[in-house]
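Just final-v8.cif here, mmCIF, C-alpha atoms:
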```
data_input
#
loop_
_atom_site.group_PDB
_atom_site.id
_atom_site.type_symbol
_atom_site.label_atom_id
_atom_site.label_comp_id
_atom_site.auth_asym_id
_atom_site.auth_seq_id
_atom_site.Cartn_x
_atom_site.Cartn_y
_atom_site.Cartn_z
ATOM 1 C CA MET Q 51 30.764 49.765 10.369
ATOM 2 C CA SER Q 52 34.127 51.042 11.509
ATOM 3 C CA THR Q 53 32.562 52.680 14.553
ATOM 4 C CA GLN Q 54 34.823 52.899 17.572
ATOM 5 C CA SER Q 55 34.062 52.486 21.231
ATOM 6 C CA ASN Q 56 36.633 53.059 23.939
ATOM 7 C CA ASN Q 57 34.400 51.314 26.415
ATOM 8 C CA GLY Q 58 34.119 48.033 24.619
ATOM 9 C CA TYR Q 59 31.208 46.053 23.276
ATOM 10 C CA LEU Q 60 28.551 43.845 24.774
ATOM 11 C CA ILE Q 61 27.667 40.782 22.715
ATOM 12 C CA ILE Q 62 24.301 39.328 23.602
ATOM 13 C CA PHE Q 63 23.309 35.765 22.712
ATOM 14 C CA ARG Q 64 19.650 35.536 21.744
ATOM 15 C CA GLY Q 65 17.721 32.296 21.622
ATOM 16 C CA THR Q 66 17.087 29.717 24.319
ATOM 17 C CA ASP Q 67 15.527 27.020 22.145
ATOM 18 C CA TRP Q 68 18.293 26.253 19.678
ATOM 19 C CA TYR Q 69 19.914 23.316 21.481
ATOM 20 C CA LYS Q 70 16.751 21.321 22.173
ATOM 21 C CA GLY Q 71 17.067 19.278 18.986
ATOM 22 C CA LEU Q 72 20.735 18.377 19.440
ATOM 23 C CA SER Q 73 21.983 14.961 20.448
ATOM 24 C CA PRO Q 74 23.939 14.748 23.722
ATOM 25 C CA GLU Q 75 27.152 14.343 21.670
ATOM 26 C CA GLN Q 76 26.465 17.448 19.578
ATOM 27 C CA MET Q 77 25.541 19.364 22.703
ATOM 28 C CA GLN Q 78 28.732 18.320 24.438
ATOM 29 C CA GLN Q 79 30.717 19.432 21.399
ATOM 30 C CA VAL Q 80 29.048 22.856 21.240
ATOM 31 C CA ALA Q 81 29.490 23.314 25.001
ATOM 32 C CA ASP Q 82 33.209 22.437 24.715
ATOM 33 C CA ASN Q 83 33.690 24.721 21.707
ATOM 34 C CA TRP Q 84 31.885 27.559 23.489
ATOM 35 C CA MET Q 85 34.026 27.242 26.608
ATOM 36 C CA ALA Q 86 37.230 27.050 24.526
ATOM 37 C CA TRP Q 87 36.134 30.166 22.619
ATOM 38 C CA PHE Q 88 35.423 32.078 25.859
ATOM 39 C CA ASN Q 89 38.746 31.038 27.419
ATOM 40 C CA ARG Q 90 40.695 31.959 24.286
ATOM 41 C CA LEU Q 91 39.112 35.430 24.171
ATOM 42 C CA LYS Q 92 39.950 35.916 27.845
ATOM 43 C CA ASP Q 93 43.555 34.747 27.293
ATOM 44 C CA GLU Q 94 43.880 37.166 24.375
ATOM 45 C CA GLY Q 95 42.643 39.974 26.608
ATOM 46 C CA LYS Q 96 39.616 40.557 24.405
ATOM 47 C CA CYS Q 97 36.938 39.505 26.861
ATOM 48 C CA ALA Q 98 36.504 40.854 30.376
ATOM 49 C CA GLY Q 99 33.838 38.381 31.381
ATOM 50 C CA GLY Q 100 30.493 36.854 30.582
ATOM 51 C CA ASN Q 101 27.653 34.882 32.064
ATOM 52 C CA PRO Q 102 24.741 32.738 31.090
ATOM 53 C CA LEU Q 103 21.333 33.783 32.411
ATOM 54 C CA GLU Q 104 18.820 31.430 33.958
ATOM 55 C CA ARG Q 105 15.865 30.604 31.712
ATOM 56 C CA GLU Q 106 13.547 32.418 34.077
ATOM 57 C CA GLY Q 107 12.866 35.876 35.413
ATOM 58 C CA LYS Q 108 10.250 38.631 35.326
ATOM 59 C CA ILE Q 109 9.509 41.781 33.368
ATOM 60 C CA VAL Q 110 8.601 45.046 35.118
ATOM 61 C CA SER Q 111 6.963 47.495 32.749
ATOM 62 C CA GLY Q 112 5.532 50.935 32.401
ATOM 63 C CA LYS Q 113 3.986 53.557 34.630
ATOM 64 C CA ASN Q 114 2.020 50.981 36.591
ATOM 65 C CA LYS Q 115 5.064 48.806 37.213
ATOM 66 C CA VAL Q 116 3.253 45.690 36.104
ATOM 67 C CA VAL Q 117 5.214 42.518 36.813
ATOM 68 C CA SER Q 118 4.800 39.763 34.237
ATOM 69 C CA ASP Q 119 6.379 36.448 33.331
ATOM 70 C CA GLY Q 120 8.543 36.552 30.271
ATOM 71 C CA PRO Q 121 8.736 33.801 27.738
ATOM 72 C CA PHE Q 122 12.277 33.055 28.861
ATOM 73 C CA ALA Q 123 12.419 29.349 28.097
ATOM 74 C CA GLU Q 124 12.481 28.089 24.520
ATOM 75 C CA SER Q 125 12.236 31.427 22.780
ATOM 76 C CA LYS Q 126 14.168 32.848 19.831
ATOM 77 C CA GLU Q 127 14.395 36.347 21.310
ATOM 78 C CA THR Q 128 15.312 35.558 24.886
ATOM 79 C CA ILE Q 129 18.775 36.505 25.982
ATOM 80 C CA GLY Q 130 20.652 33.390 27.011
ATOM 81 C CA GLY Q 131 23.884 35.086 28.013
ATOM 82 C CA TYR Q 132 26.469 37.703 27.166
ATOM 83 C CA PHE Q 133 30.187 38.463 26.831
ATOM 84 C CA LEU Q 134 31.765 41.791 27.648
ATOM 85 C CA LEU Q 135 34.380 42.473 24.953
ATOM 86 C CA THR Q 136 37.253 44.876 25.464
ATOM 87 C CA VAL Q 137 37.959 45.411 21.757
ATOM 88 C CA SER Q 138 37.812 48.918 20.347
ATOM 89 C CA THR Q 139 36.114 48.607 16.964
ATOM 90 C CA MET Q 140 32.748 47.365 15.791
ATOM 91 C CA ASP Q 141 34.491 45.355 13.071
ATOM 92 C CA GLU Q 142 36.493 43.377 15.602
ATOM 93 C CA ALA Q 143 33.455 42.838 17.840
ATOM 94 C CA VAL Q 144 31.425 41.575 14.867
ATOM 95 C CA ALA Q 145 34.304 39.305 13.793
ATOM 96 C CA ILE Q 146 34.279 37.770 17.290
ATOM 97 C CA ALA Q 147 30.483 37.419 17.223
ATOM 98 C CA GLN Q 148 30.841 35.504 13.957
ATOM 99 C CA GLN Q 149 32.905 32.877 15.787
ATOM 100 C CA CYS Q 150 30.003 31.975 18.110
ATOM 101 C CA PRO Q 151 29.622 28.173 18.081
ATOM 102 C CA GLY Q 152 25.824 28.473 18.399
ATOM 103 C CA LEU Q 153 25.371 30.332 15.084
ATOM 104 C CA PRO Q 154 24.904 27.223 12.902
ATOM 105 C CA TYR Q 155 22.090 26.131 15.232
ATOM 106 C CA GLY Q 156 20.065 29.324 14.958
ATOM 107 C CA ILE Q 157 21.392 31.469 17.762
ATOM 108 C CA ARG Q 158 21.595 35.212 17.025
ATOM 109 C CA VAL Q 159 24.294 37.479 18.397
ATOM 110 C CA GLU Q 160 23.583 41.149 19.016
ATOM 111 C CA VAL Q 161 26.663 43.382 19.083
ATOM 112 C CA ARG Q 162 26.272 46.659 20.976
ATOM 113 C CA PRO Q 163 28.781 49.414 21.728
ATOM 114 C CA ILE Q 164 29.026 50.399 25.354
ATOM 115 C CA ALA Q 165 28.310 54.103 25.789
ATOM 116 C CA PRO Q 166 30.835 56.287 27.638
ATOM 117 C CA GLN Q 167 28.009 57.697 29.718
ATOM 118 C CA CYS Q 168 24.277 57.579 29.855
ATOM 119 C CA PRO Q 169 22.863 58.271 26.357
ATOM 120 C CA ILE Q 170 20.100 60.296 28.029
ATOM 121 C CA LYS Q 171 22.782 62.546 29.385
ATOM 122 C CA ASP Q 172 24.168 63.026 25.866
ATOM 123 C CA GLU Q 173 20.717 64.111 24.792
ATOM 124 C CA LEU Q 174 20.637 66.552 27.690
ATOM 125 C CA VAL Q 175 23.988 68.004 26.701
ATOM 126 C CA SER Q 176 22.854 68.567 23.141
ATOM 127 C CA LYS Q 177 19.612 70.186 24.360
ATOM 128 C CA GLU Q 178 21.587 72.427 26.676
ATOM 129 C CA GLN Q 179 23.867 73.361 23.812
ATOM 130 C CA LEU Q 180 20.804 74.243 21.771
ATOM 131 C CA ALA Q 181 19.467 76.289 24.640
ATOM 132 C CA HIS Q 182 22.687 78.250 24.861
ATOM 133 C CA ALA Q 183 23.063 78.649 21.116
ATOM 134 C CA MET J 233 8.685 33.584 43.863
ATOM 135 C CA ASN J 234 11.280 33.230 46.551
ATOM 136 C CA ILE J 235 13.925 31.987 44.177
ATOM 137 C CA SER J 236 17.332 32.670 45.614
ATOM 138 C CA ASN J 237 20.469 33.185 43.567
ATOM 139 C CA GLN J 238 24.016 33.764 44.776
ATOM 140 C CA ASN J 239 25.247 35.085 41.445
ATOM 141 C CA GLY J 240 23.009 38.120 41.533
ATOM 142 C CA TYR J 241 20.480 39.456 39.062
ATOM 143 C CA LEU J 242 20.772 41.311 35.787
ATOM 144 C CA LEU J 243 18.393 44.180 35.037
ATOM 145 C CA LEU J 244 18.002 44.889 31.309
ATOM 146 C CA SER J 245 16.182 48.104 30.572
ATOM 147 C CA SER J 246 14.547 48.464 27.140
ATOM 148 C CA SER J 247 12.722 51.337 25.531
ATOM 149 C CA ASP J 248 12.284 53.474 22.458
ATOM 150 C CA GLU J 249 13.889 56.917 22.364
ATOM 151 C CA TRP J 250 11.272 58.460 24.678
ATOM 152 C CA TYR J 251 13.761 61.020 25.963
ATOM 153 C CA ASN J 252 13.798 62.788 22.602
ATOM 154 C CA ASP J 253 10.257 64.017 23.243
ATOM 155 C CA LEU J 254 10.947 65.576 26.639
ATOM 156 C CA SER J 255 11.587 69.256 27.294
ATOM 157 C CA LEU J 256 14.946 70.297 28.723
ATOM 158 C CA GLU J 257 13.367 70.673 32.192
ATOM 159 C CA GLU J 258 11.680 67.273 32.102
ATOM 160 C CA LEU J 259 14.835 65.638 30.837
ATOM 161 C CA GLU J 260 17.010 67.266 33.505
ATOM 162 C CA LYS J 261 14.588 66.023 36.125
ATOM 163 C CA VAL J 262 14.588 62.418 34.954
ATOM 164 C CA VAL J 263 18.386 62.382 34.550
ATOM 165 C CA GLN J 264 18.728 63.582 38.152
ATOM 166 C CA GLN J 265 16.204 61.009 39.353
ATOM 167 C CA ASN J 266 17.977 58.212 37.502
ATOM 168 C CA LYS J 267 21.312 59.258 38.929
ATOM 169 C CA ALA J 268 19.872 59.424 42.448
ATOM 170 C CA TRP J 269 18.330 55.977 41.975
ATOM 171 C CA VAL J 270 21.613 54.369 40.870
ATOM 172 C CA ASP J 271 23.702 56.291 43.444
ATOM 173 C CA GLY J 272 21.321 55.135 46.178
ATOM 174 C CA LEU J 273 21.641 51.499 45.131
ATOM 175 C CA VAL J 274 25.435 51.792 44.940
ATOM 176 C CA ALA J 275 25.538 53.361 48.427
ATOM 177 C CA GLN J 276 23.520 50.412 49.763
ATOM 178 C CA GLY J 277 25.925 47.934 48.136
ATOM 179 C CA LYS J 278 23.215 46.534 45.876
ATOM 180 C CA VAL J 279 24.961 47.192 42.555
ATOM 181 C CA LYS J 280 27.976 45.276 41.237
ATOM 182 C CA GLY J 281 28.150 46.951 37.848
ATOM 183 C CA GLY J 282 26.254 48.433 34.993
ATOM 184 C CA LEU J 283 26.558 49.502 31.385
ATOM 185 C CA ALA J 284 24.886 52.077 29.195
ATOM 186 C CA LEU J 285 24.612 50.890 25.595
ATOM 187 C CA GLY J 286 24.681 53.042 22.498
ATOM 188 C CA ARG J 287 21.741 52.582 20.155
ATOM 189 C CA GLN J 288 23.978 51.500 17.295
ATOM 190 C CA GLY J 289 24.815 47.882 16.758
ATOM 191 C CA ALA J 290 24.658 44.828 14.556
ATOM 192 C CA ILE J 291 23.074 41.402 14.608
ATOM 193 C CA VAL J 292 24.989 38.346 13.475
ATOM 194 C CA SER J 293 22.829 35.376 12.614
ATOM 195 C CA GLY J 294 22.206 32.639 10.156
ATOM 196 C CA ASN J 295 22.685 28.975 9.635
ATOM 197 C CA ASN J 296 26.232 28.906 8.219
ATOM 198 C CA LYS J 297 25.576 32.058 6.184
ATOM 199 C CA ARG J 298 26.292 34.240 9.152
ATOM 200 C CA ILE J 299 24.434 37.201 7.759
ATOM 201 C CA ILE J 300 25.243 40.492 9.354
ATOM 202 C CA SER J 301 22.475 43.033 9.562
ATOM 203 C CA ASP J 302 22.523 46.445 11.134
ATOM 204 C CA GLY J 303 20.149 46.433 14.011
ATOM 205 C CA PRO J 304 16.997 48.525 13.547
ATOM 206 C CA PHE J 305 17.792 50.008 16.890
ATOM 207 C CA ALA J 306 16.748 53.635 16.549
ATOM 208 C CA GLU J 307 12.977 53.345 16.526
ATOM 209 C CA SER J 308 12.313 50.004 18.146
ATOM 210 C CA LYS J 309 10.730 49.786 21.601
ATOM 211 C CA GLU J 310 12.696 46.672 22.378
ATOM 212 C CA VAL J 311 16.203 48.067 22.365
ATOM 213 C CA ILE J 312 18.251 47.417 25.466
ATOM 214 C CA GLY J 313 19.521 50.771 26.656
ATOM 215 C CA GLY J 314 21.335 49.724 29.770
ATOM 216 C CA THR J 315 22.103 47.043 32.286
ATOM 217 C CA LEU J 316 22.610 46.856 36.023
ATOM 218 C CA VAL J 317 24.127 43.883 37.804
ATOM 219 C CA LEU J 318 22.488 43.608 41.215
ATOM 220 C CA ASP J 319 24.178 42.031 44.197
ATOM 221 C CA VAL J 320 20.968 40.822 45.782
ATOM 222 C CA ALA J 321 19.968 37.275 46.635
ATOM 223 C CA THR J 322 16.280 37.031 45.784
ATOM 224 C CA LEU J 323 14.101 37.672 42.771
ATOM 225 C CA GLU J 324 11.687 39.672 44.969
ATOM 226 C CA GLU J 325 14.391 42.114 45.944
ATOM 227 C CA ALA J 326 15.564 42.464 42.349
ATOM 228 C CA ILE J 327 11.969 43.146 41.222
ATOM 229 C CA ALA J 328 11.473 45.676 44.023
ATOM 230 C CA ILE J 329 14.609 47.513 42.859
ATOM 231 C CA ALA J 330 13.471 47.423 39.216
ATOM 232 C CA LYS J 331 10.159 48.991 40.277
ATOM 233 C CA GLY J 332 12.090 51.964 41.620
ATOM 234 C CA CYS J 333 13.543 52.861 38.204
ATOM 235 C CA PRO J 334 12.423 56.424 37.382
ATOM 236 C CA SER J 335 12.290 55.776 33.599
ATOM 237 C CA LEU J 336 9.451 53.251 33.997
ATOM 238 C CA ARG J 337 6.928 56.061 33.766
ATOM 239 C CA TYR J 338 8.035 56.621 30.161
ATOM 240 C CA ASN J 339 7.059 53.070 29.251
ATOM 241 C CA THR J 340 10.471 51.597 29.678
ATOM 242 C CA HIS J 341 10.394 47.938 30.588
ATOM 243 C CA ILE J 342 12.916 46.086 32.657
ATOM 244 C CA GLU J 343 13.800 42.441 32.377
ATOM 245 C CA VAL J 344 14.909 40.887 35.669
ATOM 246 C CA ARG J 345 17.039 37.791 35.105
ATOM 247 C CA PRO J 346 18.964 35.570 37.506
ATOM 248 C CA ILE J 347 22.636 35.323 36.539
ATOM 249 C CA SER J 348 23.861 31.749 36.230
ATOM 250 C CA ASP J 349 27.268 30.209 36.672
ATOM 251 C CA ASP J 350 26.171 26.971 35.040
ATOM 252 C CA CYS J 351 26.384 26.512 31.283
ATOM 253 C CA PRO J 352 22.797 25.879 30.063
ATOM 254 C CA LEU J 353 24.096 23.230 27.679
ATOM 255 C CA ASP J 354 25.687 21.324 30.554
ATOM 256 C CA ALA J 355 22.450 21.605 32.511
ATOM 257 C CA ARG J 356 20.493 20.232 29.549
ATOM 258 C CA LEU J 357 23.033 17.428 29.111
ATOM 259 C CA ARG J 358 22.644 16.384 32.732
ATOM 260 C CA GLN J 359 18.878 16.416 32.237
ATOM 261 C CA LEU J 360 19.168 14.165 29.169
ATOM 262 C CA GLN J 361 21.646 11.820 30.800
ATOM 263 C CA GLN J 362 19.591 11.293 33.953
ATOM 264 C CA PRO J 363 17.081 8.701 32.628
ATOM 265 C CA ALA J 364 19.965 6.490 31.451
ATOM 266 C CA HIS J 365 21.221 6.185 35.008
ATOM 267 C CA ALA J 366 17.804 5.817 36.596
#
```
Now, as a test, write the supplied structure out as structure tokens.
Amino acid sequence: MSTQSNNGYLIIFRGTDWYKGLSPEQMQQVADNWMAWFNRLKDEGKCAGGNPLEREGKIVSGKNKVVSDGPFAESKETIGGYFLLTVSTMDEAVAIAQQCPGLPYGIRVEVRPIAPQCPIKDELVSKEQLAHA
Amino acid sequence: MNISNQNGYLLLSSSDEWYNDLSLEELEKVVQQNKAWVDGLVAQGKVKGGLALGRQGAIVSGNNKRIISDGPFAESKEVIGGTLVLDVATLEEAIAIAKGCPSLRYNTHIEVRPISDDCPLDARLRQLQQPAHA
């Protein structure tokens, strides 16, 4: 897992149900810890930004462009927010993900390298190379 | 469905690796269409940013154990392949833009989510604290 990305990493927080069982005091503590974590990463120049997402939205899918409601509230899979990390290795991005204050409460953090260009385009390049080979 | 949001909307496009099954001609066509779609939105000032994600990755989870697993990203249909941040004010407009995505015909699906500037924990706290003051 020493993959490198010059474009940074996106860390995605999954789970929108994990804080329902917390007391107001616990919730306040996690919220404070989360904000302190975010601000520290920004101060260290390791995070370019981030946002929570509203617990609502729609899904547009397939050929027929069907619009459906997601299960966006109280779900384990739903994306609750994200940070854009400016670090250059997967190891460092994972180490940051491991600091997420929501982890002990069941949140999951997905760590994804940002591609230099559209991956479909990479596929096209390799097909073109094959065609010219 | 006329929810309005000043922070914009995030489009999250998910799919399997459908593009591996296309011929060179088909793939060239869809790449051009995708580019034209994004360029058009940029020209209209509807896009604030966007990211393409590699299919590699990891998932960190676990109650104190903090288990790290490599994501099963290669074959899954649910992998997020890219994001677009839309500078539009209504969910309808964001959905209309999502419907224009050329990859939809290959069974991609696109999540349309309002971006928030309010911590969900704070929002929940306010909700819990309200009855006490009522």
For this session: Apply the PyMOL selection byres ((chain J) within 9 of (chain Q)) to the structure shown and report the selected residues as a ChimeraX atom specification.
Result: /J:241-242,251-252,255-256,259-260,263,283-298,300,302-303,313-314,323,327,330-332,335-354,356-357,360-361
For this session: Up to 12 Å from (26.2, 35.7, 44.8) in the file's coordinates: name the residues, counting all atoms listed in the file, as a PyMOL selection string.
Result: chain J and resi 236-242+278-280+317-322+346-349
Next, dump the selected residues to file, keeping only C-alpha atoms, as a short mmCIF file (atom, residue, chain, number, x, y, z; two decimals), in the coordinates of the input.
```cif
data_model
loop_
_atom_site.label_atom_id
_atom_site.label_comp_id
_atom_site.auth_asym_id
_atom_site.auth_seq_id
_atom_site.Cartn_x
_atom_site.Cartn_y
_atom_site.Cartn_z
CA SER J 236 17.33 32.67 45.61
CA ASN J 237 20.47 33.18 43.57
CA GLN J 238 24.02 33.76 44.78
CA ASN J 239 25.25 35.08 41.44
CA GLY J 240 23.01 38.12 41.53
CA TYR J 241 20.48 39.46 39.06
CA LEU J 242 20.77 41.31 35.79
CA LYS J 278 23.22 46.53 45.88
CA VAL J 279 24.96 47.19 42.56
CA LYS J 280 27.98 45.28 41.24
CA VAL J 317 24.13 43.88 37.80
CA LEU J 318 22.49 43.61 41.22
CA ASP J 319 24.18 42.03 44.20
CA VAL J 320 20.97 40.82 45.78
CA ALA J 321 19.97 37.28 46.64
CA THR J 322 16.28 37.03 45.78
CA PRO J 346 18.96 35.57 37.51
CA ILE J 347 22.64 35.32 36.54
CA SER J 348 23.86 31.75 36.23
CA ASP J 349 27.27 30.21 36.67
#
```
Exercise. Which is closest to Gly95 (chain Q) among Q:Pro151, Q:Leu135, Q:Asp67, Q:Glu142, if we use only C-alpha atoms?
Worked result: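 Under the stated criterion, the closest residue is Q:Leu135.
With distances taken over all atoms listed in the file, Q:Val137 is the one residue among Q:Trp68, Q:Asn56, Q:Val137, Q:Tyr132 lying closest to Glu94 (chain Q).
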Exercise. So what do you get for CA of Trp87 (chain Q) versus CA of Ser138 (chain Q), distance-wise?
Worked result: 19.0 Å
For this session: Have a look at Q:Leu134, Q:Ala98, Q:Lys92, Q:Ile146 and name the one nearest to Thr315 (chain J); count all atoms listed in the file.
Result: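 Closest to Thr315 (chain J), using all atoms listed in the file: Q:Leu134.
Take CA of Glu325 (chain J) and CA of Ser245 (chain J): the distance between them is 16.6 Å.
Between CA of Ile329 (chain J) and CA of Trp269 (chain J) lies a distance of 9.3 Å.
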Taking all listed atoms of region 316-328 of chain J, build the axis-aligned box, pad each of the six sides by 4 Å, then write its centre and edge lengths in Å to one decimal as AutoDock Vina command-line options.
```
--center_x 17.8 --center_y 41.9 --center_z 41.3 --size_x 20.7 --size_y 17.8 --size_z 18.6
```
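Distances to Cys333 (chain J) were evaluated for J:Ile312, J:Val270, J:Ala275, J:Ala355 using only C-alpha atoms, and the minimum falls at J:Val270.
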Only C-alpha atoms, please: region 335-365 of chain J from the block, as a compact mmCIF listing (two decimals), in the first residue's frame.
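Result went into part33.txt, see below:
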```
# COMPACT_ATOMS: atom_id res chain seq x y z
CA SER J 335 -22.23 7.31 -19.23
CA LEU J 336 -25.73 6.67 -17.84
CA ARG J 337 -26.49 4.46 -20.82
CA TYR J 338 -23.84 2.03 -19.57
CA ASN J 339 -25.72 1.58 -16.30
CA THR J 340 -23.76 4.12 -14.37
CA HIS J 341 -25.73 5.65 -11.54
CA ILE J 342 -25.34 9.12 -10.16
CA GLU J 343 -26.03 10.22 -6.63
CA VAL J 344 -27.18 13.84 -6.35
CA ARG J 345 -26.51 15.25 -2.89
CA PRO J 346 -26.90 18.75 -1.47
CA ILE J 347 -23.63 20.02 0.02
CA SER J 348 -24.00 21.27 3.58
CA ASP J 349 -22.08 23.83 5.56
CA ASP J 350 -23.62 22.66 8.82
CA CYS J 351 -22.04 19.85 10.82
CA PRO J 352 -24.68 17.06 11.03
CA LEU J 353 -23.72 16.46 14.65
CA ASP J 354 -24.45 20.08 15.52
CA ALA J 355 -27.77 19.84 13.70
CA ARG J 356 -28.66 16.70 15.67
CA LEU J 357 -27.59 18.37 18.92
CA ARG J 358 -29.87 21.32 18.25
CA GLN J 359 -32.68 18.87 17.54
CA LEU J 360 -32.08 17.07 20.85
CA GLN J 361 -31.75 20.27 22.83
CA GLN J 362 -34.96 21.82 21.51
CA PRO J 363 -37.50 19.99 23.74
CA ALA J 364 -35.59 21.11 26.85
CA HIS J 365 -36.22 24.74 25.96
```
